[in-house]
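*Asks:* You'll find final16.pdb just under this line, and it carries PDB, C-alpha atoms.
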```pdb
ATOM      1  CA  MET A   1       0.000   0.000   0.000
ATOM      2  CA  THR A   2       2.773   2.392   0.877
ATOM      3  CA  ASP A   3       6.441   2.189   0.070
ATOM      4  CA  ARG A   4       9.050   2.142   2.731
ATOM      5  CA  LYS A   5      11.290   5.048   3.526
ATOM      6  CA  THR A   6      14.241   4.483   5.739
ATOM      7  CA  ALA A   7      16.150   7.705   5.198
ATOM      8  CA  ARG A   8      15.212   9.864   8.131
ATOM      9  CA  PRO A   9      17.920  12.447   8.530
ATOM     10  CA  ASP A  10      15.845  14.831  10.602
ATOM     11  CA  SER A  11      13.825  12.674  12.959
ATOM     12  CA  GLY A  12      13.927  15.285  15.703
ATOM     13  CA  ASN A  13      16.091  13.190  17.996
ATOM     14  CA  ASP A  14      19.405  14.333  16.569
ATOM     15  CA  LEU A  15      21.196  17.137  18.292
ATOM     16  CA  PRO A  16      20.651  20.312  16.330
ATOM     17  CA  SER A  17      23.758  21.723  14.705
ATOM     18  CA  ARG A  18      22.454  25.302  14.665
ATOM     19  CA  PRO A  19      20.300  25.449  17.781
ATOM     20  CA  ASP A  20      18.313  28.640  17.106
ATOM     21  CA  ALA A  21      17.442  27.981  13.482
ATOM     22  CA  ASP A  22      16.630  24.330  14.133
ATOM     23  CA  ASN A  23      14.499  25.096  17.153
ATOM     24  CA  TRP A  24      12.488  27.521  15.018
ATOM     25  CA  GLU A  25      12.057  24.839  12.383
ATOM     26  CA  ILE A  26      10.963  22.270  14.971
ATOM     27  CA  GLN A  27       8.350  24.650  16.364
ATOM     28  CA  LEU A  28       7.134  25.467  12.861
ATOM     29  CA  ARG A  29       6.775  21.775  11.981
ATOM     30  CA  LYS A  30       5.015  21.058  15.253
ATOM     31  CA  GLY A  31       2.473  23.793  14.692
ATOM     32  CA  THR A  32       1.830  22.648  11.144
ATOM     33  CA  LEU A  33       1.549  18.960  11.970
ATOM     34  CA  GLU A  34      -1.901  19.303  13.511
ATOM     35  CA  LEU A  35      -3.406  20.719  10.332
ATOM     36  CA  ALA A  36      -1.446  18.256   8.183
ATOM     37  CA  VAL A  37      -2.851  15.278  10.116
ATOM     38  CA  LEU A  38      -6.421  16.582   9.882
ATOM     39  CA  ALA A  39      -5.918  17.176   6.142
ATOM     40  CA  ALA A  40      -4.532  13.654   5.628
ATOM     41  CA  LEU A  41      -7.814  12.289   7.027
ATOM     42  CA  ALA A  42      -9.999  14.421   4.757
ATOM     43  CA  ASP A  43     -10.747  11.642   2.226
ATOM     44  CA  ARG A  44     -10.844   8.465   4.258
ATOM     45  CA  ARG A  45      -9.960   6.822   7.528
ATOM     46  CA  LEU A  46      -6.315   5.903   8.066
ATOM     47  CA  TYR A  47      -4.294   4.206  10.794
ATOM     48  CA  GLY A  48      -1.294   5.857  12.405
ATOM     49  CA  LEU A  49       1.444   4.471  10.161
ATOM     50  CA  GLU A  50      -0.624   5.302   7.055
ATOM     51  CA  ILE A  51      -0.953   8.881   8.270
ATOM     52  CA  ILE A  52       2.827   9.094   8.736
ATOM     53  CA  ARG A  53       3.453   7.676   5.232
ATOM     54  CA  ARG A  54       0.862   9.985   3.746
ATOM     55  CA  LEU A  55       2.489  13.061   5.286
ATOM     56  CA  GLU A  56       5.919  11.954   4.068
ATOM     57  CA  ALA A  57       4.693  11.247   0.546
ATOM     58  CA  ASP A  58       2.390  14.229  -0.018
ATOM     59  CA  SER A  59       4.386  16.885   1.734
ATOM     60  CA  GLU A  60       7.972  17.516   2.571
ATOM     61  CA  LEU A  61       7.142  17.177   6.225
ATOM     62  CA  VAL A  62       9.686  14.784   7.679
ATOM     63  CA  VAL A  63       7.666  13.441  10.536
ATOM     64  CA  ALA A  64       9.182  12.274  13.781
ATOM     65  CA  GLU A  65       7.046   9.165  14.208
ATOM     66  CA  GLY A  66       6.875   9.583  17.970
ATOM     67  CA  THR A  67       5.052  12.918  17.658
ATOM     68  CA  VAL A  68       2.143  11.652  15.584
ATOM     69  CA  TYR A  69       0.553   9.259  18.081
ATOM     70  CA  PRO A  70       0.397  11.678  21.028
ATOM     71  CA  LEU A  71      -1.005  14.287  18.634
ATOM     72  CA  LEU A  72      -3.697  11.854  17.443
ATOM     73  CA  ASN A  73      -4.537  11.151  21.090
ATOM     74  CA  ARG A  74      -5.010  14.869  21.708
ATOM     75  CA  LEU A  75      -7.069  15.420  18.547
ATOM     76  CA  ARG A  76      -9.362  12.637  19.736
ATOM     77  CA  ALA A  77      -9.656  14.176  23.208
ATOM     78  CA  LEU A  78     -10.688  17.416  21.516
ATOM     79  CA  GLY A  79     -13.349  15.531  19.535
ATOM     80  CA  TRP A  80     -11.857  16.399  16.145
ATOM     81  CA  VAL A  81     -11.103  12.806  15.177
ATOM     82  CA  SER A  82     -12.698   9.524  16.196
ATOM     83  CA  SER A  83     -10.962   6.169  16.319
ATOM     84  CA  GLU A  84     -11.894   2.521  15.944
ATOM     85  CA  TRP A  85      -9.961  -0.744  16.147
ATOM     86  CA  VAL A  86     -10.177  -2.842  12.978
ATOM     87  CA  GLU A  87      -8.867  -6.392  12.497
ATOM     88  CA  SER A  88      -6.288  -6.726   9.704
ATOM     89  CA  ASP A  89      -4.671  -9.416   7.589
ATOM     90  CA  ALA A  90      -1.386  -8.723   9.362
ATOM     91  CA  GLY A  91      -2.655 -10.671  12.368
ATOM     92  CA  HIS A  92      -3.059  -7.705  14.712
ATOM     93  CA  PRO A  93      -5.755  -5.013  14.868
ATOM     94  CA  ARG A  94      -5.067  -1.458  13.705
ATOM     95  CA  LYS A  95      -6.491   1.722  15.112
ATOM     96  CA  TYR A  96      -8.143   3.781  12.389
ATOM     97  CA  TYR A  97      -8.841   7.487  12.681
ATOM     98  CA  SER A  98     -11.472   9.526  10.871
ATOM     99  CA  LEU A  99     -12.460  13.182  10.948
ATOM    100  CA  THR A 100     -15.558  14.044  12.943
ATOM    101  CA  PRO A 101     -17.895  16.746  11.529
ATOM    102  CA  GLY A 102     -16.453  19.152  14.103
ATOM    103  CA  GLY A 103     -12.912  18.168  13.096
ATOM    104  CA  ARG A 104     -13.723  18.815   9.442
ATOM    105  CA  ARG A 105     -15.082  22.276  10.250
ATOM    106  CA  ARG A 106     -12.000  22.989  12.328
ATOM    107  CA  ALA A 107      -9.667  21.772   9.558
ATOM    108  CA  ILE A 108     -11.402  23.991   6.964
ATOM    109  CA  GLU A 109     -11.097  26.965   9.308
ATOM    110  CA  MET A 110      -7.392  26.206   9.892
ATOM    111  CA  ALA A 111      -6.786  25.802   6.145
ATOM    112  CA  ARG A 112      -8.282  29.257   5.520
ATOM    113  CA  ILE A 113      -6.106  30.828   8.208
ATOM    114  CA  TRP A 114      -3.090  29.005   6.793
ATOM    115  CA  ALA A 115      -3.772  30.232   3.236
ATOM    116  CA  ARG A 116      -4.118  33.845   4.403
ATOM    117  CA  PHE A 117      -1.024  33.635   6.579
ATOM    118  CA  SER A 118       1.044  31.918   3.919
ATOM    119  CA  SER A 119       0.204  34.424   1.161
ATOM    120  CA  SER A 120       1.021  37.430   3.337
ATOM    121  CA  MET A 121       4.285  35.797   4.446
ATOM    122  CA  THR A 122       5.221  35.038   0.833
ATOM    123  CA  GLN A 123       4.716  38.699   0.021
ATOM    124  CA  LEU A 124       6.790  39.805   2.984
ATOM    125  CA  LEU A 125       9.551  37.328   2.177
ATOM    126  CA  SER A 126       9.822  38.159  -1.531
ATOM    127  CA  PRO A 127      12.791  40.560  -1.112
ATOM    128  CA  LEU A 128      14.753  37.815   0.678
ATOM    129  CA  MET A 129      13.949  35.244  -1.979
ATOM    130  CA  LYS A 130      14.963  37.597  -4.818
ATOM    131  CA  GLY A 131      18.386  38.117  -3.299
ATOM    132  CA  LYS A 132      18.948  34.385  -3.130
ATOM    133  CA  ARG A 133      18.563  33.599  -6.845
TER     134      ARG A 133
ATOM    135  CA  MET B   1       4.162 -10.976   8.354
ATOM    136  CA  THR B   2       5.194 -12.239  11.736
ATOM    137  CA  SER B   3       7.283 -15.357  12.133
ATOM    138  CA  PRO B   4       5.923 -17.141  15.186
ATOM    139  CA  GLY B   5       9.110 -19.148  15.727
ATOM    140  CA  ASP B   6      11.254 -16.154  16.607
ATOM    141  CA  ALA B   7      10.380 -14.732  20.008
ATOM    142  CA  ALA B   8      13.205 -12.199  20.343
ATOM    143  CA  PRO B   9      11.620  -9.393  18.249
ATOM    144  CA  HIS B  10       8.398  -9.662  20.242
ATOM    145  CA  GLU B  11      10.311  -9.518  23.491
ATOM    146  CA  ALA B  12      12.028  -6.309  22.396
ATOM    147  CA  ILE B  13       8.622  -4.790  21.622
ATOM    148  CA  ASP B  14       7.240  -5.929  24.993
ATOM    149  CA  ARG B  15      10.195  -4.371  26.823
ATOM    150  CA  TYR B  16       9.680  -1.091  24.981
ATOM    151  CA  LEU B  17       5.953  -1.073  25.770
ATOM    152  CA  ALA B  18       6.539  -1.875  29.450
ATOM    153  CA  ARG B  19       8.852   1.133  29.737
ATOM    154  CA  LEU B  20       6.318   3.289  27.914
ATOM    155  CA  ARG B  21       3.427   2.193  30.164
ATOM    156  CA  GLY B  22       5.531   2.799  33.269
ATOM    157  CA  ARG B  23       6.015   6.430  32.293
ATOM    158  CA  LEU B  24       2.386   7.161  31.405
ATOM    159  CA  ARG B  25       1.548   8.297  34.922
ATOM    160  CA  GLY B  26      -1.806   9.891  35.546
ATOM    161  CA  ILE B  27      -3.360   8.256  32.499
ATOM    162  CA  SER B  28      -6.221   5.841  33.232
ATOM    163  CA  ASP B  29      -5.720   2.073  32.846
ATOM    164  CA  ALA B  30      -8.053   1.911  29.840
ATOM    165  CA  ALA B  31      -6.435   4.863  28.066
ATOM    166  CA  GLY B  32      -2.940   3.551  28.871
ATOM    167  CA  ALA B  33      -3.759   0.076  27.516
ATOM    168  CA  ASP B  34      -5.176   1.670  24.372
ATOM    169  CA  ILE B  35      -1.975   3.679  23.829
ATOM    170  CA  VAL B  36       0.196   0.604  24.390
ATOM    171  CA  ASP B  37      -1.921  -1.480  21.959
ATOM    172  CA  GLU B  38      -1.658   1.203  19.311
ATOM    173  CA  ILE B  39       2.133   1.532  19.648
ATOM    174  CA  ARG B  40       2.449  -2.266  19.515
ATOM    175  CA  SER B  41       0.409  -2.298  16.322
ATOM    176  CA  HIS B  42       2.597   0.477  14.896
ATOM    177  CA  LEU B  43       5.864  -1.311  15.746
ATOM    178  CA  LEU B  44       4.639  -4.601  14.246
ATOM    179  CA  ASP B  45       3.554  -2.879  11.011
ATOM    180  CA  ARG B  46       6.634  -0.693  10.818
ATOM    181  CA  ALA B  47       9.031  -3.588  11.426
ATOM    182  CA  ALA B  48       7.244  -5.981   9.063
ATOM    183  CA  ALA B  49       6.988  -3.424   6.234
ATOM    184  CA  SER B  50      10.060  -4.730   4.447
ATOM    185  CA  GLY B  51       9.819  -8.425   5.171
ATOM    186  CA  PRO B  52       9.784 -10.821   8.107
ATOM    187  CA  LEU B  53       9.900  -9.549  11.643
ATOM    188  CA  THR B  54      13.507  -9.737  12.825
ATOM    189  CA  ALA B  55      15.466  -8.334  15.732
ATOM    190  CA  ASP B  56      16.981  -5.797  13.323
ATOM    191  CA  SER B  57      13.721  -4.641  11.797
ATOM    192  CA  VAL B  58      12.182  -4.227  15.260
ATOM    193  CA  ALA B  59      15.237  -2.312  16.486
ATOM    194  CA  GLU B  60      14.922   0.029  13.501
ATOM    195  CA  ALA B  61      11.191   0.571  14.118
ATOM    196  CA  ILE B  62      11.896   1.341  17.780
ATOM    197  CA  ALA B  63      14.706   3.750  16.878
ATOM    198  CA  ALA B  64      12.401   5.635  14.504
ATOM    199  CA  LEU B  65       9.803   6.024  17.245
ATOM    200  CA  GLY B  66      12.288   7.419  19.752
ATOM    201  CA  ASN B  67      12.879   6.300  23.319
ATOM    202  CA  PRO B  68       9.806   5.394  25.399
ATOM    203  CA  GLU B  69      10.458   8.116  27.987
ATOM    204  CA  ASP B  70      10.245  10.862  25.333
ATOM    205  CA  LEU B  71       7.175   9.264  23.790
ATOM    206  CA  ALA B  72       5.440   9.085  27.187
ATOM    207  CA  ARG B  73       6.336  12.720  27.848
ATOM    208  CA  ALA B  74       4.816  13.716  24.501
ATOM    209  CA  TYR B  75       1.587  11.929  25.455
ATOM    210  CA  LEU B  76       1.486  13.659  28.827
ATOM    211  CA  ASP B  77       2.256  17.096  27.294
ATOM    212  CA  ASP B  78      -0.477  16.698  24.703
ATOM    213  CA  GLU B  79      -2.835  15.521  27.430
ATOM    214  CA  THR B  80      -2.153  18.757  29.319
ATOM    215  CA  LEU B  81      -2.742  20.782  26.159
ATOM    216  CA  ALA B  82      -6.076  19.099  25.549
ATOM    217  CA  ARG B  83      -7.113  19.691  29.148
ATOM    218  CA  ALA B  84      -6.245  23.363  28.917
ATOM    219  CA  ARG B  85      -9.086  23.882  26.464
ATOM    220  CA  PRO B  86     -12.233  24.482  28.469
ATOM    221  CA  GLY B  87     -14.889  21.819  28.097
ATOM    222  CA  ARG B  88     -17.777  24.130  28.915
ATOM    223  CA  SER B  89     -18.308  27.532  27.440
ATOM    224  CA  PRO B  90     -16.761  29.780  30.101
ATOM    225  CA  SER B  91     -18.908  32.725  29.012
ATOM    226  CA  VAL B  92     -22.167  31.060  30.106
ATOM    227  CA  VAL B  93     -20.839  30.035  33.524
ATOM    228  CA  GLY B  94     -19.026  33.364  33.813
ATOM    229  CA  PHE B  95     -22.206  35.330  33.119
ATOM    230  CA  LEU B  96     -24.123  33.268  35.669
ATOM    231  CA  MET B  97     -21.366  33.929  38.203
ATOM    232  CA  LEU B  98     -21.444  37.668  37.514
ATOM    233  CA  ALA B  99     -25.240  37.814  37.828
ATOM    234  CA  VAL B 100     -25.287  35.834  41.085
ATOM    235  CA  SER B 101     -22.517  37.874  42.671
ATOM    236  CA  LEU B 102     -24.167  41.170  41.652
ATOM    237  CA  VAL B 103     -27.542  40.160  43.118
ATOM    238  CA  GLY B 104     -25.900  38.658  46.210
ATOM    239  CA  THR B 105     -23.609  41.550  47.079
ATOM    240  CA  LEU B 106     -26.092  44.338  46.208
ATOM    241  CA  GLY B 107     -28.840  42.570  48.197
ATOM    242  CA  ALA B 108     -26.541  42.102  51.187
ATOM    243  CA  ALA B 109     -25.466  45.745  50.961
ATOM    244  CA  ALA B 110     -29.134  46.881  50.961
ATOM    245  CA  PHE B 111     -29.933  44.916  54.128
ATOM    246  CA  VAL B 112     -26.811  46.178  55.919
ATOM    247  CA  LEU B 113     -27.520  49.771  54.884
ATOM    248  CA  CYS B 114     -31.109  49.447  56.091
ATOM    249  CA  ALA B 115     -29.946  48.081  59.461
ATOM    250  CA  LEU B 116     -27.357  50.883  59.800
ATOM    251  CA  LEU B 117     -29.845  53.660  58.990
ATOM    252  CA  LYS B 118     -32.605  52.405  61.275
ATOM    253  CA  PRO B 119     -31.189  54.218  64.345
ATOM    254  CA  ILE B 120     -30.770  57.439  62.317
ATOM    255  CA  HIS B 121     -34.140  57.493  60.517
ATOM    256  CA  PRO B 122     -36.254  55.128  62.602
ATOM    257  CA  ASP B 123     -39.491  56.201  60.869
ATOM    258  CA  ALA B 124     -38.255  55.790  57.307
ATOM    259  CA  ALA B 125     -35.953  52.718  57.453
ATOM    260  CA  GLY B 126     -37.306  49.183  57.627
ATOM    261  CA  LEU B 127     -39.250  46.510  55.797
ATOM    262  CA  TRP B 128     -42.713  47.629  54.734
ATOM    263  CA  LEU B 129     -45.726  45.696  53.547
ATOM    264  CA  LEU B 130     -47.387  47.773  50.845
ATOM    265  CA  PRO B 131     -51.111  48.462  51.301
ATOM    266  CA  ASP B 132     -52.366  47.602  47.770
ATOM    267  CA  SER B 133     -51.358  43.969  47.722
ATOM    268  CA  ASP B 134     -50.850  41.192  50.209
ATOM    269  CA  LEU B 135     -47.317  40.236  49.404
ATOM    270  CA  GLU B 136     -45.548  43.293  48.042
ATOM    271  CA  LEU B 137     -42.667  44.178  50.310
ATOM    272  CA  SER B 138     -40.549  47.296  50.211
ATOM    273  CA  LEU B 139     -37.134  47.575  51.846
ATOM    274  CA  ARG B 140     -36.598  51.221  52.780
ATOM    275  CA  MET B 141     -33.278  52.669  53.762
ATOM    276  CA  GLY B 142     -34.491  55.852  55.366
ATOM    277  CA  PHE B 143     -34.631  57.983  52.232
ATOM    278  CA  GLY B 144     -37.864  59.656  51.220
ATOM    279  CA  THR B 145     -41.116  58.906  52.959
ATOM    280  CA  PRO B 146     -42.509  55.484  53.867
ATOM    281  CA  PRO B 147     -45.400  54.299  51.677
ATOM    282  CA  ALA B 148     -48.743  55.729  52.777
ATOM    283  CA  GLY B 149     -50.852  53.106  54.497
ATOM    284  CA  GLY B 150     -47.980  50.644  54.452
ATOM    285  CA  ARG B 151     -47.333  48.563  57.529
ATOM    286  CA  GLU B 152     -43.820  48.232  58.924
ATOM    287  CA  LEU B 153     -43.154  44.568  59.606
ATOM    288  CA  LEU B 154     -39.991  44.314  61.693
ATOM    289  CA  GLY B 155     -39.480  47.516  63.674
ATOM    290  CA  TRP B 156     -36.121  47.422  65.467
ATOM    291  CA  TRP B 157     -35.737  43.743  64.558
ATOM    292  CA  ILE B 158     -34.556  44.965  61.135
ATOM    293  CA  ILE B 159     -31.107  45.557  62.691
ATOM    294  CA  PRO B 160     -30.205  41.994  63.812
ATOM    295  CA  LEU B 161     -32.299  40.313  61.098
ATOM    296  CA  GLY B 162     -30.942  42.588  58.351
ATOM    297  CA  VAL B 163     -27.344  41.817  59.353
ATOM    298  CA  MET B 164     -28.058  38.068  59.481
ATOM    299  CA  VAL B 165     -29.757  38.059  56.069
ATOM    300  CA  ALA B 166     -26.816  40.043  54.632
ATOM    301  CA  ILE B 167     -24.281  37.530  56.015
ATOM    302  CA  GLY B 168     -26.372  34.652  54.641
ATOM    303  CA  MET B 169     -26.474  36.219  51.183
ATOM    304  CA  VAL B 170     -22.710  36.773  51.175
ATOM    305  CA  VAL B 171     -22.068  33.150  52.218
ATOM    306  CA  ILE B 172     -24.371  31.777  49.500
ATOM    307  CA  THR B 173     -22.853  34.093  46.873
ATOM    308  CA  VAL B 174     -19.314  32.979  47.721
ATOM    309  CA  ARG B 175     -20.384  29.299  47.612
ATOM    310  CA  ILE B 176     -21.922  29.705  44.162
ATOM    311  CA  GLY B 177     -18.886  31.684  43.012
ATOM    312  CA  LEU B 178     -16.545  28.849  44.057
ATOM    313  CA  LEU B 179     -18.765  26.283  42.338
ATOM    314  CA  CYS B 180     -18.730  28.314  39.097
ATOM    315  CA  THR B 181     -14.937  28.627  39.269
ATOM    316  CA  ARG B 182     -14.636  24.872  39.642
ATOM    317  CA  LEU B 183     -16.996  24.288  36.698
ATOM    318  CA  MET B 184     -14.921  26.558  34.482
ATOM    319  CA  ALA B 185     -11.670  24.863  35.487
ATOM    320  CA  ARG B 186     -12.963  21.302  35.035
ATOM    321  CA  PRO B 187     -11.400  19.524  32.047
ATOM    322  CA  ARG B 188     -13.528  18.175  29.224
ATOM    323  CA  LEU B 189     -14.634  14.588  29.688
ATOM    324  CA  ARG B 190     -12.901  12.403  27.182
ATOM    325  CA  ALA B 191     -13.901   9.180  25.500
ATOM    326  CA  PRO B 192     -11.791   6.204  26.600
TER     327      PRO B 192
END
```
Please rewrite the model in this file as structure tokens.
*Replies:*
Amino acid sequence: MTDRKTARPDSGNDLPSRPDADNWEIQLRKGTLELAVLAALADRRLYGLEIIRRLEADSELVVAEGTVYPLLNRLRALGWVSSEWVESDAGHPRKYYSLTPGGRRRAIEMARIWARFSSSMTQLLSPLMKGKR
Amino acid sequence: MTSPGDAAPHEAIDRYLARLRGRLRGISDAAGADIVDEIRSHLLDRAAASGPLTADSVAEAIAALGNPEDLARAYLDDETLARARPGRSPSVVGFLMLAVSLVGTLGAAAFVLCALLKPIHPDAAGLWLLPDSDLELSLRMGFGTPPAGGRELLGWWIIPLGVMVAIGMVVITVRIGLLCTRLMARPRLRAP
């Protein structure tokens, strides 16, 4: 179903080489992960590992696997996702997550905020990007 | 696919999960078991993704997940975050609290003021029963003139009774205020 990726240079456990810049990046990824997980569940229910693979394949988010499960636990406590155990061919059950109606509304709201934020940042950053090329 | 003959990979997973469960303090048994089951399922899938379950593939899956202490801490941090969001609309409880404390303190102040002014304006301060109806009461604090034809109910008793009623109202108001504060602070109930 999903191909395997072993290269994981930035799993979050390595000591940062440039502490300030890397800490900023970690915080940025963390804040984005919530929306990314909700978005990954927009079409259909997925189990944890599928969500991780989906984020790695569809975005350049390199996900520290250990952050996804606690996040899913919190999203469920907030009522934005629901979960159910489903038996699998692998011989053990898997826990599937789906968006609740409230979670979908929340994700749409977050996506709008993100789009606004991202376009104004792109505008603000354009002088920096020009200098780089 | 799991190979039932080789127990070592499963033992490594069990050791990892035992350390994880040990660090999930303050999380209920049901929720803790659910977390452990999910991580077990993840490790089995992650390790078996490329072939049979071996000690190496399990070790790699565990390394990718990070050490169990950090994982447990992430669960506990996210738990705290989820709790920080109020489960009940604070504005409704807050409005109720404001209304109750306004009525309670203003009412208590009126009774105290009435009791204080009785010695100064004995004819105009007190509790009056209005003449037109049977049950209409008027608390007068000594300003203006008492209602014509009205009957004063308490006389000098307004002083001790007024003070007692005022204390009672303050006590009840504070009790309700504390209850409202607790309601606003209570975390949202979560599904297991």
*Asks:* Any chance you could work out the residue set of the PyMOL selection byres ((chain A) within 6 of (chain B)) here, as a tab-separated table (two decimals) with C-alpha atoms, in the coordinates of the input?
*Replies:*
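Result file follows (result.tsv):
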```
chain	number	residue	atom	x	y	z
A	65	GLU	CA	7.05	9.16	14.21
A	66	GLY	CA	6.88	9.58	17.97
A	70	PRO	CA	0.40	11.68	21.03
A	74	ARG	CA	-5.01	14.87	21.71
A	77	ALA	CA	-9.66	14.18	23.21
```
*Asks:* Show me the residues close to (-28.9, 41.5, 49.6) - anything with an atom within 10 Å, counting only C-alpha atoms - and format the list as a list in words.
*Replies:*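 Returned residue set, sorted by chain then number, is Leu102, Val103, Gly104, Thr105, Leu106, Gly107, Ala108, Ala109, Ala110, Phe111, Val112, Leu113, Gly162, Val163, Val165, Ala166, Ile167, Gly168, Met169, Val170 and Thr173 of chain B.
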*Asks:* Please enumerate the residues selected by the PyMOL selection byres ((chain A and resi 107) around 9) when evaluated against the supplied file, formatted as a PyMOL selection string.
*Replies:* chain A and resi 35+38-39+42+80+102-106+108-112
*Asks:* Apply the PyMOL selection byres ((chain B and resi 176) around 12) to the structure shown and report the selected residues as a list of chain:residue names.
*Replies:* B:Val93, B:Gly94, B:Leu96, B:Met97, B:Leu98, B:Ala99, B:Val100, B:Ser101, B:Leu102, B:Val103, B:Gly104, B:Met169, B:Val170, B:Val171, B:Ile172, B:Thr173, B:Val174, B:Arg175, B:Gly177, B:Leu178, B:Leu179, B:Cys180, B:Thr181, B:Arg182, B:Leu183
*Asks:* Next, dump the selected residues to file, keeping only C-alpha atoms, as a short mmCIF file (atom, residue, chain, number, x, y, z; two decimals), in the coordinates of the input.
*Replies:*
```cif
data_model
loop_
_atom_site.label_atom_id
_atom_site.label_comp_id
_atom_site.auth_asym_id
_atom_site.auth_seq_id
_atom_site.Cartn_x
_atom_site.Cartn_y
_atom_site.Cartn_z
CA VAL B 93 -20.84 30.04 33.52
CA GLY B 94 -19.03 33.36 33.81
CA LEU B 96 -24.12 33.27 35.67
CA MET B 97 -21.37 33.93 38.20
CA LEU B 98 -21.44 37.67 37.51
CA ALA B 99 -25.24 37.81 37.83
CA VAL B 100 -25.29 35.83 41.08
CA SER B 101 -22.52 37.87 42.67
CA LEU B 102 -24.17 41.17 41.65
CA VAL B 103 -27.54 40.16 43.12
CA GLY B 104 -25.90 38.66 46.21
CA MET B 169 -26.47 36.22 51.18
CA VAL B 170 -22.71 36.77 51.18
CA VAL B 171 -22.07 33.15 52.22
CA ILE B 172 -24.37 31.78 49.50
CA THR B 173 -22.85 34.09 46.87
CA VAL B 174 -19.31 32.98 47.72
CA ARG B 175 -20.38 29.30 47.61
CA GLY B 177 -18.89 31.68 43.01
CA LEU B 178 -16.55 28.85 44.06
CA LEU B 179 -18.76 26.28 42.34
CA CYS B 180 -18.73 28.31 39.10
CA THR B 181 -14.94 28.63 39.27
CA ARG B 182 -14.64 24.87 39.64
CA LEU B 183 -17.00 24.29 36.70
#
```
*Asks:* So how many Å separate atom CA of B:Met164 and atom CA of B:Gly149, to one decimal?
*Replies:*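 Going from atom CA of B:Met164 over to atom CA of B:Gly149 covers 27.8 Å.
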*Asks:* What is the distance, in Å and to one decimal place, between atom CA of A:Arg44 and atom CA of B:Gly51?
*Replies:*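 About the pair atom CA of A:Arg44 and atom CA of B:Gly51: they are 26.7 Å apart.
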*Asks:* So what do you get for atom CA of A:Glu84 versus atom CA of B:Asp29, distance-wise?
*Replies:* 18.0 Å
*Asks:* For A:Ser88, which residue among A:Ser126, A:Tyr47, A:Ser119, A:Arg76 is the nearest when counting only C-alpha atoms?
*Replies:* A:Tyr47
*Asks:* May I ask which of the residues A:Ile51, A:Leu61, A:Met129, A:Val68 is the closest one to A:Tyr96, counting all atoms listed in the file?
*Replies:*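 Selected residue with least distance to A:Tyr96: A:Ile51.
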*Asks:* Which neighbours of B:Glu136 fall inside 12 Å, counting only C-alpha atoms, when residues of the same chain fewer than 5 positions from it are skipped, and could you give them as a list in words?
*Replies:*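 Here the qualifying residues turn out to be Leu127, Trp128, Leu129, Leu130, Pro131, Pro147, Gly150, Arg151 and Leu153 of chain B.
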*Asks:* Closest to A:Asp43 among A:Asn23, A:Ser59, A:Ser118, A:Ser98, using all atoms listed in the file?
*Replies:* A:Ser98
*Asks:* Is it possible to add N, CA, C and O atoms to stretch 72-80 of chain A and hand it back as a PDB file, in the coordinates of the input?
*Replies:*
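part16.pdb written:
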```pdb
ATOM      1  N   LEU A  72      -2.413  12.487  17.760  1.00  0.00           N
ATOM      2  CA  LEU A  72      -3.697  11.854  17.443  1.00  0.00           C
ATOM      3  C   LEU A  72      -4.536  11.680  18.714  1.00  0.00           C
ATOM      4  O   LEU A  72      -5.749  11.882  18.706  1.00  0.00           O
ATOM      5  N   ASN A  73      -3.857  11.328  19.804  1.00  0.00           N
ATOM      6  CA  ASN A  73      -4.537  11.151  21.090  1.00  0.00           C
ATOM      7  C   ASN A  73      -5.202  12.457  21.533  1.00  0.00           C
ATOM      8  O   ASN A  73      -6.330  12.472  22.018  1.00  0.00           O
ATOM      9  N   ARG A  74      -4.468  13.567  21.311  1.00  0.00           N
ATOM     10  CA  ARG A  74      -5.010  14.869  21.708  1.00  0.00           C
ATOM     11  C   ARG A  74      -6.162  15.281  20.798  1.00  0.00           C
ATOM     12  O   ARG A  74      -7.180  15.801  21.263  1.00  0.00           O
ATOM     13  N   LEU A  75      -6.008  15.056  19.488  1.00  0.00           N
ATOM     14  CA  LEU A  75      -7.069  15.420  18.547  1.00  0.00           C
ATOM     15  C   LEU A  75      -8.356  14.659  18.872  1.00  0.00           C
ATOM     16  O   LEU A  75      -9.456  15.182  18.722  1.00  0.00           O
ATOM     17  N   ARG A  76      -8.181  13.412  19.367  1.00  0.00           N
ATOM     18  CA  ARG A  76      -9.362  12.637  19.736  1.00  0.00           C
ATOM     19  C   ARG A  76      -9.993  13.197  21.016  1.00  0.00           C
ATOM     20  O   ARG A  76     -11.204  13.295  21.125  1.00  0.00           O
ATOM     21  N   ALA A  77      -9.133  13.592  21.963  1.00  0.00           N
ATOM     22  CA  ALA A  77      -9.656  14.176  23.208  1.00  0.00           C
ATOM     23  C   ALA A  77     -10.424  15.462  22.916  1.00  0.00           C
ATOM     24  O   ALA A  77     -11.383  15.795  23.610  1.00  0.00           O
ATOM     25  N   LEU A  78     -10.013  16.176  21.890  1.00  0.00           N
ATOM     26  CA  LEU A  78     -10.688  17.416  21.516  1.00  0.00           C
ATOM     27  C   LEU A  78     -11.959  17.152  20.714  1.00  0.00           C
ATOM     28  O   LEU A  78     -12.728  18.073  20.454  1.00  0.00           O
ATOM     29  N   GLY A  79     -12.156  15.876  20.296  1.00  0.00           N
ATOM     30  CA  GLY A  79     -13.349  15.531  19.535  1.00  0.00           C
ATOM     31  C   GLY A  79     -13.231  15.832  18.050  1.00  0.00           C
ATOM     32  O   GLY A  79     -14.238  15.844  17.347  1.00  0.00           O
ATOM     33  N   TRP A  80     -12.023  16.071  17.565  1.00  0.00           N
ATOM     34  CA  TRP A  80     -11.857  16.399  16.145  1.00  0.00           C
ATOM     35  C   TRP A  80     -11.686  15.152  15.292  1.00  0.00           C
ATOM     36  O   TRP A  80     -11.962  15.168  14.110  1.00  0.00           O
TER      37      TRP A  80
END
```
